[in-house]
Amino acid sequence: MVIKMNTYKNVKIIEAKGFFNRLFGFSFKKNINYGLLFKRCRSIHTFFMLEKIDVIATDKDDNILKTYKSVNPGKILIAPKNTKNIYELPKGTI
């Protein structure tokens, strides 16, 4: 899957699978240039992240329910009730 980034670039989306990939996501990473998809997920944390990220919460049909721009490290996000997927993206994507 590819998401348009600021009408100039595309962002490759990788599904976060497995316990550790879902737990750590972008933790301890710099210069993030791709996105992560967390299926069947309604909340995320940004603990141990080294930079801000953008986040999109979608329903089961991938309709956008809520966006979060420039989320600081050390936060917990709980998305709206009908959220089924969360996309973590590089800062400035949305």
# chains A, B, ... in the order shown; residues from 1 in each chain; ligands from 1
$ select_by_dssp --residues "stretch 1-85 of chain A" --states "strand (DSSP E)" --output "ChimeraX atom specification"
/A:2-5,9-15,35-39,43-45,53-58,64-71,76-78,85
$ atom_distance --atom1 "atom CA of A:Leu65" --atom2 "atom CA of A:Asn82"
8.1 Å
$ closest_residue --among "A:Met49, A:Asp54, A:Val11, A:Lys39" --to "A:Phe24" --atoms "only C-alpha atoms"
A:Met49
$ atom_distance --atom1 "atom CA of A:Lys91" --atom2 "atom CA of A:Ile32"
8.3 Å
$ residues_around --residues "stretch 26-29 of chain A" --least-positions-apart "3" --cutoff "8 Å" --atoms "only C-alpha atoms" --output "NGL selection string"
:A and (32 or 46-51)
$ write_last_selection --atoms "C-alpha atoms" --output "compact mmCIF listing (two decimals), in the first residue's frame"
# COMPACT_ATOMS: atom_id res chain seq x y z
CA ILE A 32 11.55 7.71 9.34
CA THR A 46 4.99 6.98 21.19
CA PHE A 47 7.31 6.03 24.04
CA PHE A 48 11.01 5.93 23.12
CA MET A 49 10.39 7.55 19.72
CA LEU A 50 13.12 9.94 18.64
CA GLU A 51 10.94 12.18 16.48
